Structures are given as C-alpha cells and as structure tokens.
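Dumped start36.txt below, it's compact mmCIF, C-alpha atoms:
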```
# COMPACT_ATOMS: atom_id res chain seq x y z
CA MET A 89 0.00 0.00 0.00
CA LYS A 90 1.22 3.54 -0.79
CA GLU A 91 2.89 5.43 2.01
CA VAL A 92 1.76 9.04 2.19
CA ALA A 93 3.59 11.67 4.20
CA VAL A 94 1.76 13.91 6.66
CA THR A 95 1.94 16.77 4.15
CA GLY A 96 -0.07 14.72 1.64
CA ARG A 97 2.90 14.28 -0.69
CA VAL A 98 3.68 10.76 -1.89
CA ARG A 99 6.76 9.33 -0.21
CA LEU A 100 9.28 8.53 -2.91
CA PRO A 101 10.71 5.01 -3.20
CA SER A 102 14.46 4.48 -3.22
CA LEU A 103 16.45 6.12 -6.01
CA ASN A 104 18.15 2.80 -6.75
CA ALA A 105 14.78 1.12 -7.36
CA LEU A 106 13.78 3.91 -9.73
CA ARG A 107 17.13 3.58 -11.49
CA VAL A 108 16.52 -0.14 -12.02
CA PHE A 109 12.97 0.52 -13.23
CA HIS A 110 14.32 3.15 -15.64
CA ALA A 111 16.67 0.56 -17.18
CA VAL A 112 13.90 -2.06 -17.43
CA ALA A 113 11.45 0.41 -18.99
CA ARG A 114 14.01 1.43 -21.63
CA SER A 115 15.11 -2.09 -22.57
CA ARG A 116 11.80 -3.94 -21.93
CA SER A 117 13.96 -6.75 -20.55
CA LEU A 118 15.18 -7.81 -17.12
CA VAL A 119 18.26 -9.44 -18.67
CA LYS A 120 19.27 -6.40 -20.71
CA ALA A 121 18.68 -4.12 -17.74
CA ALA A 122 20.86 -6.38 -15.62
CA GLU A 123 23.64 -6.24 -18.22
CA GLU A 124 23.44 -2.44 -18.31
CA LEU A 125 23.52 -2.16 -14.51
CA ARG A 126 26.10 -4.97 -14.12
CA VAL A 127 23.99 -6.95 -11.68
CA SER A 128 22.13 -10.24 -11.93
CA PRO A 129 18.63 -10.50 -13.47
CA GLN A 130 17.48 -11.81 -10.08
CA ALA A 131 18.66 -8.59 -8.42
CA VAL A 132 16.78 -6.55 -11.03
CA GLY A 133 13.63 -8.61 -10.46
CA GLN A 134 13.92 -8.12 -6.71
CA GLN A 135 14.21 -4.34 -7.08
CA ILE A 136 11.14 -4.26 -9.35
CA ARG A 137 9.13 -6.30 -6.83
CA GLN A 138 10.19 -3.97 -4.00
CA LEU A 139 9.17 -0.97 -6.09
CA GLU A 140 5.79 -2.56 -6.83
CA GLU A 141 5.26 -3.16 -3.12
CA ALA A 142 6.23 0.40 -2.25
CA LEU A 143 3.87 1.86 -4.85
CA GLY A 144 1.07 -0.64 -4.43
CA VAL A 145 0.78 -1.23 -8.20
CA THR A 146 1.87 -3.90 -10.66
CA LEU A 147 4.54 -2.64 -13.03
CA VAL A 148 5.78 -5.74 -14.84
CA GLU A 149 3.89 -8.81 -15.97
CA ARG A 150 5.71 -11.99 -16.99
CA GLU A 151 4.83 -13.50 -20.37
CA GLY A 152 6.85 -16.69 -20.68
CA ARG A 153 10.51 -15.68 -20.84
CA SER A 154 9.70 -12.07 -21.67
CA ILE A 155 8.01 -9.24 -19.78
CA ARG A 156 5.32 -6.68 -20.49
CA LEU A 157 5.05 -3.24 -18.94
CA THR A 158 1.63 -2.45 -17.51
CA ASP A 159 -0.17 0.78 -18.31
CA ALA A 160 0.90 2.09 -14.90
CA ALA A 161 4.54 1.29 -15.69
CA ILE A 162 4.38 3.05 -19.04
CA ALA A 163 2.87 6.14 -17.44
CA LEU A 164 5.50 6.12 -14.68
CA SER A 165 8.35 5.60 -17.15
CA TYR A 166 7.81 8.99 -18.79
CA HIS A 167 8.23 10.81 -15.48
CA VAL A 168 11.16 8.70 -14.31
CA ARG A 169 12.95 9.24 -17.62
CA ALA A 170 12.37 13.00 -17.34
CA GLY A 171 13.79 12.93 -13.81
CA PHE A 172 16.97 11.12 -14.81
CA ASP A 173 17.36 13.44 -17.80
CA GLU A 174 17.25 16.35 -15.36
CA PHE A 175 19.90 14.71 -13.16
CA GLU A 176 22.17 14.13 -16.14
CA GLU A 177 21.78 17.65 -17.47
CA GLY A 178 22.46 19.23 -14.08
CA ILE A 179 25.61 17.17 -13.57
CA ARG A 180 26.82 17.94 -17.09
CA ARG A 181 26.37 21.67 -16.51
CA ILE A 182 28.18 21.92 -13.18
CA THR A 183 31.11 19.78 -14.29
CA THR A 184 31.87 21.98 -17.31
CA THR A 185 35.40 23.35 -16.94
CA SER A 186 34.80 26.63 -18.81
CA ASP A 187 34.00 29.76 -16.81
CA ARG A 188 31.49 30.83 -19.49
CA PRO A 189 28.27 28.95 -20.24
CA ARG A 190 28.72 26.73 -23.29
CA ILE A 191 25.98 26.09 -25.86
CA ALA A 192 26.41 23.29 -28.38
CA PHE A 193 24.33 24.40 -31.38
CA ASN A 194 23.94 22.32 -34.54
CA VAL A 195 22.25 23.42 -37.74
CA SER A 196 21.42 21.90 -41.09
CA PRO A 197 24.12 23.08 -43.54
CA TYR A 198 21.50 24.57 -45.87
CA PHE A 199 19.76 26.48 -43.08
CA GLY A 200 23.10 27.68 -41.77
CA THR A 201 24.26 29.00 -45.14
CA ARG A 202 20.99 30.44 -46.39
CA TYR A 203 19.39 31.77 -43.23
CA LEU A 204 21.67 31.86 -40.21
CA MET A 205 24.87 33.33 -41.65
CA PRO A 206 23.23 36.61 -42.77
CA ARG A 207 22.01 37.04 -39.17
CA LEU A 208 25.23 35.99 -37.45
CA ALA A 209 25.84 39.36 -35.78
CA ASP A 210 22.34 39.45 -34.25
CA PHE A 211 22.60 35.76 -33.42
CA ARG A 212 25.74 36.39 -31.37
CA LYS A 213 24.06 39.25 -29.49
CA ALA A 214 21.29 36.92 -28.31
CA VAL A 215 23.65 35.28 -25.80
CA PRO A 216 26.69 37.58 -25.52
CA ASP A 217 28.07 35.94 -22.39
CA ALA A 218 27.98 32.36 -23.65
CA GLU A 219 30.44 30.34 -25.68
CA ILE A 220 28.58 28.99 -28.72
CA VAL A 221 29.98 25.94 -30.47
CA LEU A 222 28.31 25.94 -33.89
CA THR A 223 28.40 22.74 -35.94
CA THR A 224 26.65 21.49 -39.07
CA LEU A 225 25.36 17.98 -39.66
CA ILE A 226 23.19 16.58 -42.43
CA ASP A 227 22.38 13.41 -40.50
CA LEU A 228 19.62 13.28 -37.92
CA VAL A 229 20.99 14.66 -34.66
CA ASP A 230 20.93 12.63 -31.45
CA LEU A 231 21.04 15.33 -28.77
CA GLU A 232 22.19 12.92 -26.06
CA ARG A 233 24.82 11.05 -28.05
CA ASP A 234 26.20 14.15 -29.76
CA GLU A 235 25.93 16.32 -26.60
CA ILE A 236 24.01 19.05 -28.43
CA ASP A 237 21.82 21.61 -26.66
CA LEU A 238 19.91 23.00 -29.62
CA ALA A 239 19.62 21.94 -33.25
CA VAL A 240 17.86 23.14 -36.37
CA GLN A 241 16.90 20.10 -38.44
CA TRP A 242 15.11 19.62 -41.75
CA GLY A 243 12.08 17.36 -41.64
CA TYR A 244 8.43 17.19 -40.67
CA GLY A 245 8.58 17.92 -36.93
CA ASP A 246 7.43 14.43 -36.03
CA ARG A 247 10.23 13.39 -33.67
CA LYS A 248 8.85 12.13 -30.35
CA ASP A 249 12.12 12.23 -28.39
CA VAL A 250 12.52 16.03 -28.47
CA GLN A 251 10.62 19.29 -28.21
CA SER A 252 10.18 20.57 -31.75
CA HIS A 253 9.10 24.00 -33.06
CA LEU A 254 8.73 24.99 -36.70
CA LEU A 255 10.91 27.90 -37.84
CA LEU A 256 10.30 27.82 -41.59
CA ARG A 257 8.59 25.71 -44.23
CA ASP A 258 10.76 24.49 -47.10
CA PRO A 259 8.42 24.19 -50.12
CA LYS A 260 9.91 22.47 -53.14
CA VAL A 261 9.74 23.16 -56.86
CA ILE A 262 9.90 20.38 -59.45
CA CYS A 263 12.92 21.27 -61.58
CA CYS A 264 15.03 19.77 -64.34
CA HIS A 265 17.45 20.65 -67.14
CA PRO A 266 15.80 22.49 -70.09
CA ASP A 267 16.50 19.55 -72.43
CA LEU A 268 14.72 17.09 -70.10
CA ALA A 269 11.78 19.47 -69.68
CA ARG A 270 10.77 18.90 -73.31
CA ALA A 271 9.59 15.39 -72.38
CA ILE A 272 7.33 16.67 -69.57
CA ARG A 273 3.99 18.06 -70.73
CA GLY A 274 1.95 17.13 -67.65
CA PRO A 275 2.25 15.49 -64.20
CA ALA A 276 1.92 11.95 -65.61
CA ASP A 277 5.13 12.44 -67.61
CA LEU A 278 7.06 12.61 -64.33
CA LEU A 279 6.63 8.84 -64.07
CA THR A 280 8.49 8.32 -67.34
CA VAL A 281 11.64 10.24 -66.37
CA GLY A 282 14.15 9.71 -63.60
CA LEU A 283 13.17 11.23 -60.26
CA LEU A 284 16.12 12.28 -58.12
CA GLN A 285 15.51 10.86 -54.65
CA PRO A 286 16.42 12.54 -51.34
CA SER A 287 17.95 10.01 -48.96
CA ARG A 288 16.61 11.81 -45.88
CA SER A 289 12.94 11.52 -46.84
CA THR A 290 11.10 8.59 -48.35
CA ARG A 291 7.80 10.51 -48.32
CA LEU A 292 8.73 13.71 -50.19
CA TRP A 293 8.15 12.48 -53.75
CA PRO A 294 5.17 10.23 -52.84
CA ASP A 295 3.39 13.15 -51.14
CA ILE A 296 3.99 15.34 -54.19
CA LEU A 297 2.86 12.71 -56.70
CA LEU A 298 -0.30 12.09 -54.68
CA TYR A 299 -1.01 15.83 -54.61
CA LEU A 300 -0.66 15.87 -58.40
CA GLY A 301 -3.26 13.10 -58.65
CA LEU A 302 -0.90 10.32 -59.64
CA THR A 303 -0.69 6.72 -58.48
CA VAL A 304 2.60 6.49 -56.63
CA PRO A 305 4.89 3.81 -58.09
CA LYS A 306 7.49 1.93 -56.09
CA PRO A 307 10.35 4.45 -55.90
CA ASP A 308 13.57 3.77 -57.73
CA ARG A 309 16.14 4.66 -55.08
CA GLN A 310 19.24 3.52 -56.95
CA LEU A 311 20.44 7.14 -57.01
CA THR A 312 19.77 9.14 -53.85
CA PHE A 313 21.20 12.41 -52.61
CA ASP A 314 22.21 13.19 -49.06
CA ASP A 315 21.76 16.95 -49.28
CA SER A 316 19.82 19.52 -51.26
CA ALA A 317 22.89 21.11 -52.85
CA THR A 318 23.95 17.84 -54.47
CA MET A 319 20.43 17.14 -55.79
CA ARG A 320 20.29 20.66 -57.22
CA ARG A 321 23.58 20.14 -59.04
CA ALA A 322 22.41 16.77 -60.39
CA ALA A 323 19.26 18.40 -61.77
CA GLN A 324 21.34 21.13 -63.39
CA GLN A 325 23.43 18.47 -65.12
CA GLY A 326 20.37 16.69 -66.51
CA LEU A 327 20.59 13.55 -64.39
CA GLY A 328 16.87 13.63 -63.61
CA VAL A 329 14.03 15.67 -62.16
CA GLY A 330 14.81 17.11 -58.75
CA LEU A 331 13.00 18.84 -55.92
CA VAL A 332 14.66 22.19 -55.30
CA SER A 333 13.97 24.67 -52.49
CA ARG A 334 11.98 27.59 -53.83
CA ILE A 335 14.58 30.33 -53.32
CA ASP A 336 17.19 28.19 -55.11
CA ALA A 337 14.74 27.32 -57.88
CA GLU A 338 13.93 30.99 -58.50
CA GLU A 339 17.66 31.74 -58.89
CA ASP A 340 18.25 28.84 -61.28
CA LEU A 341 15.14 29.55 -63.35
CA ALA A 342 16.15 33.20 -63.74
CA ALA A 343 19.66 32.12 -64.83
CA GLY A 344 18.35 29.48 -67.25
CA ARG A 345 20.11 26.63 -65.45
CA LEU A 346 16.84 24.87 -64.61
CA VAL A 347 13.26 24.79 -65.80
CA ALA A 348 10.08 24.16 -63.77
CA PRO A 349 8.23 22.00 -66.33
CA LEU A 350 4.92 22.10 -64.42
CA GLY A 351 5.29 25.74 -63.38
CA LEU A 352 6.83 27.47 -60.39
CA ASP A 353 3.57 27.29 -58.44
CA ALA A 354 2.58 23.71 -59.30
CA LEU A 355 2.88 22.61 -55.66
CA VAL A 356 1.38 25.70 -54.04
CA GLY A 357 -1.60 24.55 -52.01
CA MET A 358 -0.15 21.28 -50.75
CA PRO A 359 -1.30 20.44 -47.19
CA GLU A 360 1.10 21.96 -44.66
CA ALA A 361 1.66 18.55 -43.05
CA ALA A 362 3.13 17.36 -46.37
CA ILE A 363 5.57 20.26 -46.67
CA PRO A 364 8.91 19.75 -44.89
CA GLY A 365 10.57 22.54 -42.98
CA PHE A 366 13.29 23.52 -40.57
CA TYR A 367 12.55 22.80 -36.91
CA VAL A 368 14.44 23.86 -33.81
CA ILE A 369 14.72 20.92 -31.44
CA SER A 370 15.84 20.56 -27.84
CA THR A 371 14.77 18.91 -24.60
CA ARG A 372 13.01 20.25 -21.53
CA PRO A 373 16.08 19.92 -19.25
CA ARG A 374 18.28 21.80 -21.71
CA LEU A 375 15.74 24.60 -22.10
CA ARG A 376 15.85 25.20 -18.35
CA VAL A 377 19.42 26.47 -18.80
CA LYS A 378 19.11 30.25 -19.23
CA PRO A 379 21.57 30.78 -22.14
CA VAL A 380 20.06 27.85 -24.06
CA ALA A 381 16.56 29.19 -23.42
CA ALA A 382 17.65 32.67 -24.58
CA LEU A 383 19.05 31.33 -27.86
CA HIS A 384 15.97 29.17 -28.38
CA ARG A 385 13.74 32.22 -27.82
CA TRP A 386 15.79 34.26 -30.32
CA LEU A 387 15.38 31.55 -32.97
CA LEU A 388 11.61 31.51 -32.50
CA GLU A 389 11.35 35.31 -32.67
CA GLN A 390 13.07 35.68 -36.06
CA ASP A 391 11.22 36.14 -39.34
CA TRP A 392 12.89 33.34 -41.27
CA SER A 393 10.67 33.90 -44.32
CA ARG A 394 13.21 36.41 -45.59
CA PRO A 395 16.63 34.86 -46.25
```
Take the structure I supplied and represent it as structure tokens, if you would.
Amino acid sequence: MKEVAVTGRVRLPSLNALRVFHAVARSRSLVKAAEELRVSPQAVGQQIRQLEEALGVTLVEREGRSIRLTDAAIALSYHVRAGFDEFEEGIRRITTTSDRPRIAFNVSPYFGTRYLMPRLADFRKAVPDAEIVLTTLIDLVDLERDEIDLAVQWGYGDRKDVQSHLLLRDPKVICCHPDLARAIRGPADLLTVGLLQPSRSTRLWPDILLYLGLTVPKPDRQLTFDDSATMRRAAQQGLGVGLVSRIDAEEDLAAGRLVAPLGLDALVGMPEAAIPGFYVISTRPRLRVKPVAALHRWLLEQDWSRP
C-alpha cells in the first residue's frame, strides 16, 4: 500500500529502485537491464518487486521468458525518464570546466548558409556571455549522443524524443534541365523520367505525386542524394528531375540553369503537413538552462521567411 507523508505528498521510493525501473522500462527486458547495470537478473527482479510493493501497483507482468510493462509502468516511465534526464543535465552543466556557459548548437548546412549566416551578428548578441559551439550535420541529430543543446533540423517535426518547433517551411519546386523538360507536358510524364531521390525523406516524392493526382509507383532509389545542394547540381546536369527549395529554384530559373516543367507554383496549395521545414529541437532539461533558453527564444522570434 502507498505510504503518504503527513503533508499529503507521496513518499518517494528508493532512487536505486527507480534507477533499475528506468533501465527495465528502456530495454523492456530484465536481462538487458541487468547487463546495463552490471547486476544479476534476479537482483533486477527483486528491485522491481520492491518498487511494486512500495507503490502498491503492478509494473511488470511476466509473459513466458519475456516481460510486459503495464499501463501504470508506461505512465510512470515517462516521469522517471524525465527525472533522470534532469539529473544528467544538471551534472553535465556543473562539471563543465569553462567559466562561461557553453551552448552546443547544430544546424542543417542549408539552413546555416541560407538563413543563419546573414544574421550571425544578431545571433551572437542573443547570448553575448555564452560560448557557442556551432556545428553542421546533415544526419539526424541525437542530442544525447552528440551532446548538443539546440539543433535546427530539416524534416516534418514528427520526432517524439525532443521538443520541436517549426521555424520555416521548405516548399519544393519540381525542376530539371531544359533539355529534359521537353519530355514533360503534364504530371503523368514525371513517371516516365528519372526522379532524383532525397535520402533523408522517403515521403517527399510520394506526397507530391499524390497531390498531383498520380498513383505512386514503387520508388527507384538507386540514385539518392544526401543533401539539397547535391540534388540541385544533379538536376542542373540533366541527371533527372529534382526537388529544389523555392529560393534556389527561383535563382536557377532566372539564370536558365533549370526549368520548372509544371510551373513554379505547381505545388502551391499542398497540405502543410506534407511540406517539410526547418525545426528547432531541444529537450526540456536543456531549455531550463538560461543561455540555451535565450538562444531558443531568439530563434523563435526571427522572421525566417526572408533569407
């Protein structure tokens, strides 16, 4: 039965029991949790039973040689994970050797070049007393593994492991070399030419083809591109039809390097959920650090619609 203090607050169980539960909830396995904690599975099971007794609820149900977390355990796991994240972040902050606060800030290379660099002076004023370590990565950032406080990532804002806020939509324009454009008289002709595939999104072309009223074929992903700059160059060289960010497309169309065979505004009106964008991501513990929160606030306050 639960023990309740005189003040009405729930008496917390031992930190060690919560630590064991945290490992079990993450791995969904007593054995894997035991390996992580370097104890025996029996010791893990004993800690879970003691925690269940202290809380008066069932957390783990045995199903043969595996286990299943109960609804109560799943609900508890979110709060326990948040608590341990707070512990980790606090320890990381106070053990930093620098006298100045340090912010690890990662941005998509395209966002950094097109949008952040022109604002670099104002960006630096947002947190004048902090040391900002600015890096660029195309790959999906793991804030914990890469020890990053804030990141601006391209995508759809659907990550569940972080707090995500949209800064700017990144609408695309269907573009190709002028010679290739002669074979494209309507949307259906897109299925007869090579479509340049972005490696970071398997849904970008399918969403666009569906919007154009086409049956989406199985994508040919023999040639994929890791970043927008490389896809743009491939389209300029006539290797296929690419999806180019609007501000880049307008430059290339004006210079005659590319053509928009279906028109510059062919994709205007797509549902917002189908349009990728640049999102600032972080975690609740990191945003409790004042310099990180100040930089995050500055990012949200900018009008990113003008490059």
Counting all atoms listed in the file, the option among A:Ser370, A:Ser289, A:Thr146, A:Gln324 closest to Gly344 of chain A: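 Going through A:Ser370, A:Ser289, A:Thr146, A:Gln324 one by one, the smallest distance to Gly344 of chain A is for A:Gln324.
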Go ahead and compute the interatomic distance for atom CA of Pro189 of chain A and atom CA of Leu387 of chain A, in Å to one decimal. 18.3 Å
Segment 375-382 of chain A: which residues within 12 Å, counting only C-alpha atoms, same-chain residues fewer than 3 positions away excluded, as number ranges by chain? A: 173-174, 177-178, 180-182, 188-193, 211-221, 236-239, 250-252, 368-372, 385-389
Using all atoms listed in the file, find the one residue out of A:Ala362, A:Ala354, A:Leu103, A:Ala317 that sits nearest to Phe175 of chain A.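 For Phe175 of chain A, the nearest of the candidates is A:Leu103.
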Given only C-alpha atoms as the counted atoms, nearest of A:Gly245, A:Val148, A:Ala209, A:Asp159 to Gln134 of chain A: A:Val148
For atom CA of Asn194 of chain A and atom CA of Asp295 of chain A, determine how far apart the two atoms are, in Å to one decimal place.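 Separation between atom CA of Asn194 of chain A and atom CA of Asp295 of chain A: 28.0 Å.
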Write out as a VMD selection string which residues come within 8 Å of Val229 of chain A when counting only C-alpha atoms, dropping same-chain ones fewer than 2 positions away. chain A and resid 225 227 231 234 239 241
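With all atoms listed in the file as the basis for measurement, A:Val329 is the residue among A:Val145, A:Val329, A:Leu118, A:Leu302 that approaches Leu268 of chain A most closely.
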A:Ala111, A:Leu352, A:Ile162, A:Leu327: which is nearest Glu123 of chain A, counting only C-alpha atoms?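 Residue with the minimum atom-to-atom distance to Glu123 of chain A: A:Ala111.
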Point (18.7, 28.7, -65.6), cut-off 12 Å, counting only C-alpha atoms, residues as a list in words: Cys263, Cys264, His265, Pro266, Asp267, Arg320, Arg321, Ala323, Gln324, Gln325, Asp336, Ala337, Glu338, Glu339, Asp340, Leu341, Ala342, Ala343, Gly344, Arg345, Leu346, Val347 and Ala348 of chain A
Could you check the closest approach to Met358 of chain A for each of A:Ala276, A:Ala271, A:Leu297, A:Ala122 and tell me which residue wins, using all atoms listed in the file?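 The answer is A:Leu297, which sits nearest to Met358 of chain A.
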Residues near Ile155 of chain A, anyone? I mean within 7 Å using only C-alpha atoms, not counting same-chain ones fewer than 6 positions away, as a PDB file with C-alpha atoms, keeping the file's coordinate frame.
```
ATOM      1  CA  ARG A 116      11.800  -3.940 -21.930  1.00  0.00           C
ATOM      2  CA  SER A 117      13.960  -6.750 -20.550  1.00  0.00           C
ATOM      3  CA  VAL A 148       5.780  -5.740 -14.840  1.00  0.00           C
ATOM      4  CA  GLU A 149       3.890  -8.810 -15.970  1.00  0.00           C
TER       5      GLU A 149
END
```
Could you check how far atom CA of Ala161 of chain A sits from atom CA of Leu147 of chain A, in Å to one decimal? 4.7 Å
Please report, as lines of an AutoDock Vina configuration file, the centre and edge lengths in Å to one decimal of an axis-aligned box covering all listed atoms of segment 99-106 of chain A with 3 Å per side.
```
center_x = 12.5
center_y = 5.2
center_z = -5.0
size_x = 17.4
size_y = 14.2
size_z = 15.5
```
